[in-house]
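*Asks:* Pasting protein.txt here (compact mmCIF, C-alpha atoms and all ligand atoms):
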# COMPACT_ATOMS: atom_id res chain seq x y z
CA MET I 1 17.03 -49.75 -34.39
CA ALA I 2 19.91 -51.97 -35.53
CA GLU I 3 20.20 -55.39 -33.95
CA VAL I 4 23.47 -56.15 -32.21
CA GLN I 5 24.90 -59.47 -31.09
CA ASP I 6 24.87 -60.25 -27.37
CA ILE I 7 26.93 -63.10 -25.95
CA LEU I 8 26.26 -65.11 -22.82
CA VAL I 9 28.94 -67.53 -21.60
CA LEU I 10 27.97 -70.29 -19.19
CA PHE I 11 30.84 -72.04 -17.38
CA GLN I 12 30.42 -75.63 -16.27
CA THR I 13 32.37 -78.48 -14.73
CA THR I 14 30.99 -81.05 -17.22
CA PRO I 15 30.60 -80.32 -20.94
CA GLY I 16 26.91 -81.06 -21.69
CA LEU I 17 24.32 -78.46 -22.57
CA ASP I 18 22.28 -79.67 -19.61
CA ALA I 19 25.19 -79.21 -17.16
CA GLN I 20 24.84 -77.00 -14.09
CA VAL I 21 26.13 -73.44 -14.52
CA VAL I 22 28.82 -72.54 -11.95
CA ALA I 23 29.97 -69.22 -13.42
CA TRP I 24 28.60 -66.90 -16.08
CA SER I 25 29.46 -63.80 -18.05
CA ARG I 26 27.61 -61.39 -20.27
CA TYR I 27 29.06 -59.59 -23.26
CA GLU I 28 25.97 -57.60 -24.17
CA ALA I 29 27.25 -55.35 -26.93
CA SER I 30 23.71 -54.06 -27.47
CA LYS I 31 24.00 -52.28 -24.10
CA GLY I 32 27.52 -50.89 -24.44
CA PRO I 33 31.17 -51.83 -24.91
CA GLY I 34 31.64 -53.23 -21.41
CA ILE I 35 30.35 -53.44 -17.85
CA THR I 36 31.34 -50.42 -15.77
CA ASP I 37 29.53 -51.42 -12.55
CA LEU I 38 29.23 -55.14 -11.95
CA VAL I 39 26.00 -55.87 -10.07
CA GLU I 40 26.12 -58.96 -7.88
CA GLU I 41 24.02 -61.93 -8.98
CA ALA I 42 23.61 -64.86 -6.61
CA GLU I 43 22.21 -67.16 -9.27
CA PRO I 44 22.94 -67.58 -12.99
CA PRO I 45 20.33 -66.31 -15.46
CA TYR I 46 19.60 -69.89 -16.55
CA ARG I 47 20.13 -73.19 -14.75
CA ASN I 48 21.79 -74.64 -17.85
CA ALA I 49 22.39 -73.91 -21.54
CA MET I 50 19.21 -75.67 -22.62
CA ALA I 51 17.12 -73.33 -20.46
CA ALA I 52 18.84 -70.41 -22.24
CA MET I 53 18.11 -72.00 -25.65
CA ARG I 54 14.43 -72.15 -24.72
CA ASP I 55 14.62 -68.39 -24.14
CA GLY I 56 15.92 -67.61 -27.62
CA TRP I 57 19.68 -67.97 -27.17
CA GLN I 58 21.57 -69.83 -29.91
CA VAL I 59 24.50 -72.05 -29.00
CA ILE I 60 27.51 -70.95 -31.06
CA GLN I 61 30.09 -73.03 -29.21
CA MET I 62 29.86 -76.01 -26.94
CA SER I 63 32.68 -77.68 -25.12
CA GLU I 64 34.79 -80.48 -26.44
CA MET I 65 35.64 -83.31 -24.05
CA LYS I 66 39.11 -82.94 -22.60
CA HIS I 67 41.80 -85.56 -23.02
CA ARG I 68 43.78 -85.77 -19.79
CA PRO I 69 47.54 -86.19 -19.78
CA PRO I 70 48.66 -89.51 -18.26
CA GLY I 71 50.05 -89.50 -14.73
CA ASP I 72 49.88 -86.93 -12.00
CA ALA I 73 49.56 -84.00 -14.42
CA ALA I 74 45.93 -85.10 -14.88
CA TYR I 75 45.24 -83.83 -11.37
CA GLU I 76 46.48 -80.29 -11.97
CA ASP I 77 43.80 -77.63 -11.52
CA GLY I 78 43.37 -74.51 -13.58
CA PRO I 79 40.50 -72.53 -15.06
CA LEU I 80 36.99 -73.95 -15.01
CA PRO I 81 37.07 -76.76 -17.57
CA TYR I 82 33.99 -76.27 -19.77
CA GLN I 83 31.89 -73.49 -21.23
CA THR I 84 28.96 -72.91 -23.54
CA VAL I 85 28.82 -69.75 -25.64
CA LEU I 86 25.36 -68.48 -26.55
CA SER I 87 24.30 -65.68 -28.88
CA ARG I 88 21.18 -63.58 -29.24
CA PHE I 89 20.55 -60.42 -31.24
CA ASN I 90 19.00 -57.48 -29.40
CA PRO I 91 18.15 -53.89 -30.36
CA MET I 92 21.07 -51.50 -29.94
CA VAL I 93 20.78 -49.26 -26.88
CA PRO I 94 22.50 -45.90 -27.48
CA ASP I 95 25.33 -45.56 -25.00
CA GLU I 96 25.75 -42.05 -23.63
CA GLU I 97 29.39 -42.53 -22.74
CA THR I 98 30.47 -43.97 -26.06
CA ALA I 99 28.42 -41.43 -28.03
CA GLN I 100 30.71 -38.65 -26.85
CA MET K 1 51.10 -66.40 22.16
CA SER K 2 49.70 -69.93 22.21
CA GLU K 3 46.21 -68.71 23.12
CA HIS K 4 46.15 -66.82 19.83
CA LEU K 5 47.15 -69.71 17.59
CA LEU K 6 44.58 -71.03 15.13
CA SER K 7 42.81 -74.22 16.13
CA ALA K 8 43.05 -77.27 13.88
CA THR K 9 39.46 -76.67 12.81
CA GLN K 10 40.24 -73.09 11.80
CA MET K 11 43.35 -74.27 9.99
CA ALA K 12 41.31 -76.87 8.10
CA GLN K 13 38.88 -74.12 7.10
CA PHE K 14 41.81 -72.10 5.81
CA VAL K 15 43.15 -75.07 3.84
CA ALA K 16 39.73 -75.75 2.29
CA SER K 17 38.37 -72.25 1.74
CA GLY K 18 41.60 -70.28 1.47
CA TYR K 19 40.60 -67.57 3.93
CA LEU K 20 39.50 -66.79 7.48
CA LYS K 21 37.66 -63.72 8.76
CA PHE K 22 38.31 -62.14 12.17
CA GLU K 23 36.05 -59.39 13.44
CA ALA K 24 37.34 -56.85 15.97
CA MET K 25 40.94 -57.89 15.35
CA VAL K 26 42.23 -54.33 15.62
CA PRO K 27 40.69 -51.91 18.16
CA ARG K 28 38.76 -49.00 16.70
CA ASP K 29 41.06 -46.22 17.97
CA LEU K 30 44.06 -47.96 16.44
CA CYS K 31 42.06 -48.40 13.21
CA ASP K 32 41.42 -44.66 13.08
CA ALA K 33 45.15 -43.98 13.38
CA CYS K 34 45.89 -46.65 10.74
CA LEU K 35 43.43 -45.01 8.37
CA VAL K 36 45.29 -41.71 8.62
CA GLU K 37 48.63 -43.41 7.96
CA MET K 38 47.23 -45.30 4.97
CA GLN K 39 46.42 -42.06 3.25
CA HIS K 40 50.14 -41.29 3.17
CA ASN K 41 51.22 -44.73 2.07
CA LYS K 42 54.46 -44.86 0.13
CA GLY K 43 55.73 -47.73 -1.98
CA TYR K 44 57.03 -51.15 -1.01
CA LEU K 45 59.57 -51.61 1.74
CA ALA K 46 62.47 -54.04 1.21
CA VAL K 47 60.84 -57.04 -0.49
CA GLY K 48 61.96 -60.41 0.89
CA THR K 49 63.50 -59.21 4.15
CA PRO K 50 62.62 -60.27 7.72
CA PHE K 51 59.24 -58.78 8.61
CA GLU K 52 60.21 -57.91 12.18
CA GLN K 53 63.23 -55.97 10.99
CA THR K 54 61.54 -54.23 8.05
CA TRP K 55 58.09 -53.43 9.37
CA PRO K 56 57.91 -49.92 10.89
CA LYS K 57 57.87 -49.56 14.65
CA GLY K 58 56.15 -46.87 16.70
CA THR K 59 53.43 -46.27 14.10
CA ALA K 60 49.77 -47.32 14.14
CA LEU K 61 50.26 -49.81 11.31
CA GLY K 62 53.44 -51.00 12.97
CA ASP K 63 51.47 -51.70 16.14
CA ALA K 64 48.37 -53.13 14.43
CA PHE K 65 50.27 -55.92 12.67
CA ARG K 66 52.15 -56.72 15.90
CA LEU K 67 49.07 -57.16 18.12
CA PRO K 68 49.28 -60.52 19.95
CA GLN K 69 46.22 -61.85 18.12
CA VAL K 70 47.73 -60.88 14.76
CA ARG K 71 51.08 -62.43 15.68
CA GLY K 72 49.28 -65.66 16.64
CA LEU K 73 47.54 -65.73 13.30
CA ILE K 74 50.78 -65.09 11.40
CA HIS K 75 52.62 -67.71 13.46
CA SER K 76 49.93 -70.32 12.74
CA LEU K 77 50.18 -69.90 8.99
CA VAL K 78 53.71 -68.85 8.05
CA GLY K 79 55.63 -69.25 11.31
CA PRO K 80 56.98 -66.76 13.85
CA ASP K 81 59.65 -65.21 11.60
CA PRO K 82 58.08 -64.49 8.22
CA LEU K 83 59.51 -62.36 5.45
CA TYR K 84 57.92 -59.10 4.41
CA ASP K 85 56.82 -59.58 0.80
CA HIS K 86 54.96 -56.36 0.01
CA HIS K 87 52.10 -54.22 1.22
CA ALA K 88 49.58 -51.85 -0.34
CA ALA K 89 46.86 -49.45 0.74
CA HIS K 90 44.08 -50.31 -1.70
CA LEU K 91 41.71 -47.41 -2.22
CA VAL K 92 38.35 -47.35 -3.99
CA LYS K 93 37.23 -43.76 -3.80
CA GLY K 94 33.62 -42.94 -3.04
CA GLY K 95 31.52 -43.23 -6.21
CA VAL K 96 34.13 -45.21 -8.14
CA MET K 97 32.54 -48.10 -10.01
CA LYS K 98 34.24 -51.40 -10.73
CA GLY K 99 33.45 -53.71 -13.61
CA PRO K 100 34.60 -57.33 -13.74
CA ASP K 101 37.85 -57.57 -11.76
CA MET K 102 38.45 -61.22 -10.86
CA HIS K 103 42.13 -62.09 -10.75
CA GLN K 104 44.75 -64.14 -8.98
CA ASP K 105 47.49 -61.96 -7.49
CA SER K 106 51.03 -61.70 -8.77
CA VAL K 107 52.12 -64.51 -11.12
CA ILE K 108 51.22 -68.16 -11.54
CA ASP K 109 52.61 -70.20 -8.66
CA PHE K 110 52.99 -74.00 -8.51
CA ARG K 111 54.97 -74.32 -5.27
CA GLU K 112 53.87 -77.47 -3.42
CA ASN K 113 53.25 -77.51 0.33
CA TYR K 114 53.68 -73.75 0.34
CA PHE K 115 51.50 -70.69 0.50
CA ASP K 116 51.96 -67.02 1.16
CA ILE K 117 49.38 -65.19 3.21
CA GLN K 118 47.82 -61.84 2.75
CA LEU K 119 46.40 -59.99 5.73
CA SER K 120 43.64 -57.57 4.70
CA LEU K 121 42.70 -54.97 7.28
CA PHE K 122 39.51 -52.96 6.88
CA PRO K 123 40.19 -49.89 9.04
CA ALA K 124 36.67 -48.42 8.75
CA ASP K 125 33.17 -49.87 8.72
CA THR K 126 32.75 -51.41 5.27
CA PRO K 127 29.07 -52.07 4.53
CA ASP K 128 27.92 -53.93 1.44
CA GLU K 129 27.39 -50.78 -0.67
CA MET K 130 30.97 -49.64 0.01
CA GLY K 131 32.28 -52.48 -2.10
CA GLY K 132 34.57 -54.56 0.09
CA THR K 133 36.96 -56.97 -1.64
CA PHE K 134 35.35 -60.15 -2.99
CA LEU K 135 36.77 -63.68 -2.84
CA ILE K 136 35.81 -67.00 -4.39
CA PRO K 137 36.52 -69.37 -1.50
CA GLY K 138 38.25 -72.61 -2.41
CA THR K 139 39.90 -71.41 -5.65
CA GLN K 140 43.44 -71.33 -4.23
CA PHE K 141 44.49 -74.59 -5.87
CA ARG K 142 43.49 -73.44 -9.37
CA ASN K 143 46.46 -71.81 -11.00
CA VAL K 144 45.73 -69.20 -13.63
CA ARG K 145 47.63 -66.30 -15.09
CA THR K 146 46.61 -63.25 -13.08
CA SER K 147 43.72 -61.48 -14.86
CA GLU K 148 42.63 -64.03 -17.46
CA ILE K 149 39.87 -65.06 -15.03
CA THR K 150 38.30 -61.61 -15.29
CA MET K 151 36.28 -63.47 -17.93
CA TYR K 152 34.42 -65.07 -15.02
CA GLN K 153 32.16 -62.16 -14.19
CA HIS K 154 29.95 -64.09 -11.79
CA MET K 155 30.70 -67.28 -9.94
CA ARG K 156 28.82 -69.40 -7.47
CA GLY K 157 30.17 -69.18 -3.93
CA LYS K 158 31.37 -65.57 -4.17
CA ILE K 159 31.65 -63.73 -0.85
CA TRP K 160 32.78 -60.20 -0.08
CA ALA K 161 33.97 -58.15 2.85
CA ASN K 162 30.97 -56.64 4.60
CA CYS K 163 32.37 -55.81 7.97
CA THR K 164 33.00 -53.44 10.85
CA ALA K 165 36.19 -51.46 11.42
CA GLY K 166 39.05 -53.61 12.63
CA THR K 167 38.03 -56.73 10.74
CA MET K 168 40.93 -58.64 9.28
CA TYR K 169 40.79 -61.28 6.59
CA VAL K 170 43.71 -63.61 6.13
CA TRP K 171 43.88 -65.44 2.84
CA ASN K 172 46.02 -67.69 0.74
CA THR K 173 47.36 -65.33 -1.93
CA ARG K 174 46.18 -67.68 -4.68
CA VAL K 175 42.47 -67.21 -3.92
CA TRP K 176 40.60 -65.66 -6.85
CA HIS K 177 39.39 -62.20 -5.83
CA GLY K 178 38.81 -58.60 -6.89
CA ALA K 179 37.52 -55.14 -6.03
CA ARG K 180 33.88 -54.00 -6.07
CA SER K 181 32.08 -50.74 -6.80
CA ASN K 182 31.90 -48.17 -4.02
CA HIS K 183 28.35 -46.80 -4.10
CA THR K 184 28.88 -44.49 -1.12
CA ASN K 185 30.46 -41.01 -0.95
CA THR K 186 33.17 -42.25 1.41
CA ASP K 187 36.55 -43.52 0.24
CA ARG K 188 37.10 -47.19 1.00
CA TYR K 189 40.48 -48.47 2.15
CA MET K 190 41.76 -51.99 2.49
CA TYR K 191 45.31 -52.38 3.72
CA LYS K 192 47.03 -55.55 2.66
CA LEU K 193 50.26 -57.10 3.81
CA ARG K 194 51.80 -60.14 2.15
CA LEU K 195 54.13 -62.42 4.08
CA ASN K 196 56.28 -65.44 3.14
CA PRO K 197 57.20 -68.35 5.42
CA THR K 198 60.84 -69.00 6.30
CA GLN K 199 60.27 -72.59 7.40
CA PRO K 200 58.08 -75.51 6.31
CA GLN K 201 54.49 -74.61 7.20
CA ALA K 202 53.96 -77.79 9.23
CA GLY K 203 52.66 -78.03 12.79
CA LEU K 204 52.60 -74.26 13.33
CA PHE K 205 49.02 -73.99 14.64
CA ASP K 206 47.37 -75.44 17.79
CA LEU K 207 47.31 -79.17 17.13
CA SER K 208 45.26 -80.09 20.20
CA ASP K 209 41.98 -80.50 18.31
CA LEU K 210 43.37 -82.42 15.33
CA ASP K 211 40.82 -85.20 15.86
CA ASN K 212 37.84 -82.85 15.91
CA PRO K 213 35.29 -84.18 13.35
CA ALA K 214 34.87 -80.57 12.24
CA VAL K 215 38.28 -80.85 10.52
CA GLY K 216 37.09 -83.42 7.98
CA ALA K 217 33.82 -81.55 7.52
CA ALA K 218 35.72 -78.33 6.81
CA LEU K 219 38.01 -80.01 4.28
CA ASN K 220 34.97 -81.42 2.48
CA THR K 221 33.27 -78.01 2.14
CA ASN K 222 31.41 -77.36 -1.08
CA HIS K 223 31.51 -73.65 -1.87
CA GLY K 224 29.04 -73.88 -4.74
CA TRP K 225 31.26 -73.71 -7.83
CA GLU K 226 33.08 -77.04 -7.56
CA GLY K 227 30.52 -79.32 -9.24
CA ASN K 228 32.29 -82.30 -10.85
CA GLU K 229 35.62 -80.84 -9.70
CA HIS K 230 34.82 -81.26 -6.01
CA ARG K 231 36.65 -84.55 -5.48
CA TYR K 232 39.72 -83.19 -7.24
CA GLU K 233 39.63 -80.12 -5.02
CA LEU K 234 39.24 -82.37 -1.99
CA MET K 235 42.39 -84.27 -2.99
CA ARG K 236 44.34 -81.01 -3.11
CA ARG K 237 43.02 -79.93 0.27
CA VAL K 238 43.84 -83.30 1.84
CA GLN K 239 47.38 -83.15 0.42
CA LEU K 240 47.94 -79.73 1.99
CA TRP K 241 46.28 -80.81 5.24
CA ARG K 242 48.61 -83.82 5.47
CA PHE K 243 51.54 -81.45 5.25
CA VAL K 244 50.44 -78.65 7.58
CA SER K 245 49.10 -81.07 10.21
CA ARG K 246 52.08 -83.47 9.99
CA GLN K 247 49.80 -86.41 9.21
CA PRO K 248 51.22 -87.93 6.01
CA GLY K 249 48.60 -90.69 5.91
CA TYR K 250 45.54 -88.53 6.50
CA ASP K 251 42.52 -88.89 4.23
CA ILE K 252 38.75 -88.84 4.52
CA GLY K 253 35.70 -90.52 3.03
CA GLU K 254 36.49 -92.73 0.06
CA ARG K 255 40.18 -91.77 0.47
CA PHE K 256 40.72 -90.61 -3.08
CA LEU K 257 44.47 -90.25 -2.67
CA ARG K 258 44.67 -94.05 -2.52
CA ARG K 259 43.89 -93.98 -6.25
CA ARG K 260 47.31 -92.41 -6.70
CA GLU K 261 49.18 -94.13 -3.92
CA TYR K 262 47.94 -97.69 -3.41
CA ASN K 263 49.41 -100.11 -5.93
CA PRO K 264 51.03 -103.41 -4.92
CA ALA K 265 52.50 -103.80 -8.41
CA ALA K 266 54.48 -100.59 -8.01
CA ALA K 267 56.05 -101.63 -4.70
FE FE W 301 44.54 -58.58 -6.04
Mind turning the file's structure into structure tokens?
Ligand SMILES: [Fe+2]

*Replies:*
Amino acid sequence: MAEVQDILVLFQTTPGLDAQVVAWSRYEASKGPGITDLVEEAEPPYRNAMAAMRDGWQVIQMSEMKHRPPGDAAYEDGPLPYQTVLSRFNPMVPDEETAQ
Amino acid sequence: MSEHLLSATQMAQFVASGYLKFEAMVPRDLCDACLVEMQHNKGYLAVGTPFEQTWPKGTALGDAFRLPQVRGLIHSLVGPDPLYDHHAAHLVKGGVMKGPDMHQDSVIDFRENYFDIQLSLFPADTPDEMGGTFLIPGTQFRNVRTSEITMYQHMRGKIWANCTAGTMYVWNTRVWHGARSNHTNTDRYMYKLRLNPTQPQAGLFDLSDLDNPAVGAALNTNHGWEGNEHRYELMRRVQLWRFVSRQPGYDIGERFLRRREYNPAAA
């Protein structure tokens, strides 16, 4: 069976690989082209990126420190500030829906 | 009316978490009639017109959103004479699955000392497996462009409607939220109504418990996702609390807003 790239994104509020995970997303192409039924998860799959690395995930992007604009604009909120992108190759699972 | 106004503690919870939940807000028989009307929902009414003038009268939905307890809630947040913004009867049919759906409604919105509210009525019992709307409490100060946050599939602090018929949620329209899969065979409705204030949203709730220590505790809530952002979120909450409670000097704890405001050299 062909190996396909899976992506795990861990979102953090500080940039380090040991930072706490506050949000997370899976792009597991080996299982299909997208999630059709999102199952609730109370906790992230790993407490931080380093725990994921110890489970075979490769870091393909880590966050760069942000420069803040001077003045009050530095206080503006937006998306979560930092993320780590991890990759792992897994065997392709045939997808019944996409096979049609 | 005044007995149905939000307390200061409830208002502080709304400022911090961006939502409040009220069980048994609408009686069950009225809910049943609302549910029938929802199934024949037509499009928007006249956007941006006075709610009292535009909202239908002599219908179940007309009555439900004019119940004294609903009026008190509306008054507390957007004043007694809000504008109708829009409404929708959101339906997730039985067996319809939802993937990632996190979004912020409408378009990005930077208005200061301002918020619209959305009232969400669940007209039927909505157990967990029926997929009630989810919210990420506390995200209302984080401006993003509508659906780009669908990339956040899971987030700490997520809650979702899991409630009995007649439960109403009221929420700041900027709270990150979305729909969930309906694993039952029964269609799931959520009726939402968005309202705009017509006056500054200051001093509209019951101010008699302003000094309750629960106010500061509510403002300081950690919902689980804030992490290193928590003190920046707290500053936003305190700024809004100053405005809605008419206390321009209010702050708590280390008083982070002094880092912006206290400077003898600038005087
Ligand atoms: Fe929405």

*Asks:* Counting only C-alpha atoms and all ligand atoms, figure out which residue out of K:Arg259, K:Arg66, K:Lys93, K:Arg194 gets nearest to ligand FE 301 (chain W).

*Replies:*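 Checking each candidate against ligand FE 301 (chain W), we get K:Arg194 as the closest.
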
*Asks:* Might you pull out every residue within 7 Å of range 74-85 of chain I, with all atoms listed in the file counted and same-chain residues fewer than 6 positions away left off, and present them as a PyMOL selection string?

*Replies:* (chain I and resi 7-15+49+59-63+68) or (chain K and resi 141-144+232)

*Asks:* Find the residues in chain I near chain K: any atom within 6 Å counts, using all atoms listed in the file. Write them as a VMD selection string.

*Replies:* chain I and resid 13 22 to 25 35 to 38 77 to 78

*Asks:* Mind giving me the straight-line distance from CA of Ser17 in chain K to CA of Val70 in chain K in Å, one decimal?

*Replies:* 19.7 Å

*Asks:* Could you give me, as a PyMOL selection string, every polymer residue with an atom at most 8 Å away from an atom of ligand FE 301 (chain W), counting all atoms listed in the file?

*Replies:* chain K and resi 103-106+177-179

*Asks:* Okay, now the selection with C-alpha atoms, as a short mmCIF file (atom, residue, chain, number, x, y, z; two decimals), in the coordinates of the input?

*Replies:*
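The resulting file, part22.cif, is shown below:
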data_model
loop_
_atom_site.label_atom_id
_atom_site.label_comp_id
_atom_site.auth_asym_id
_atom_site.auth_seq_id
_atom_site.Cartn_x
_atom_site.Cartn_y
_atom_site.Cartn_z
CA HIS K 103 42.13 -62.09 -10.75
CA GLN K 104 44.75 -64.14 -8.98
CA ASP K 105 47.49 -61.96 -7.49
CA SER K 106 51.03 -61.70 -8.77
CA HIS K 177 39.39 -62.20 -5.83
CA GLY K 178 38.81 -58.60 -6.89
CA ALA K 179 37.52 -55.14 -6.03
#

*Asks:* At a cut-off of 6 Å around the point (22.5, -50.7, -28.8) (file coordinates), what residues fall inside when counting all atoms listed in the file? I'd like the answer as an mmCIF file with C-alpha atoms, in the frame of the given file.

*Replies:*
data_model
loop_
_atom_site.group_PDB
_atom_site.id
_atom_site.type_symbol
_atom_site.label_atom_id
_atom_site.label_comp_id
_atom_site.auth_asym_id
_atom_site.auth_seq_id
_atom_site.Cartn_x
_atom_site.Cartn_y
_atom_site.Cartn_z
ATOM 1 C CA SER I 30 23.710 -54.060 -27.470
ATOM 2 C CA LYS I 31 24.000 -52.280 -24.100
ATOM 3 C CA PRO I 91 18.150 -53.890 -30.360
ATOM 4 C CA MET I 92 21.070 -51.500 -29.940
ATOM 5 C CA VAL I 93 20.780 -49.260 -26.880
ATOM 6 C CA PRO I 94 22.500 -45.900 -27.480
#

*Asks:* Residues near Gly253 in chain K, anyone? I mean within 10 Å using only C-alpha atoms, not counting same-chain ones fewer than 3 positions away, as a list in words.

*Replies:*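 The filter keeps Gly216, Asn220 and Phe256 of chain K.
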
*Asks:* For Phe122 in chain K, list every protein, DNA or RNA residue within 6 Å, evaluated using all atoms listed in the file, and leave out those in the same chain fewer than 5 positions away; present the list as an mmCIF file with C-alpha atoms, in the frame of the given file.

*Replies:*
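What follows is the written file part.cif:
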data_model
loop_
_atom_site.group_PDB
_atom_site.id
_atom_site.type_symbol
_atom_site.label_atom_id
_atom_site.label_comp_id
_atom_site.auth_asym_id
_atom_site.auth_seq_id
_atom_site.Cartn_x
_atom_site.Cartn_y
_atom_site.Cartn_z
ATOM 1 C CA ALA K 165 36.190 -51.460 11.420
ATOM 2 C CA GLY K 166 39.050 -53.610 12.630
ATOM 3 C CA THR K 167 38.030 -56.730 10.740
ATOM 4 C CA MET K 190 41.760 -51.990 2.490
#

*Asks:* With all atoms listed in the file as the basis for distance, which of K:Lys21, K:Lys42, K:Arg246, K:Arg258 is at the shortest distance from His86 in chain K?

*Replies:*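 Closest residue, counting all atoms listed in the file: K:Lys42.
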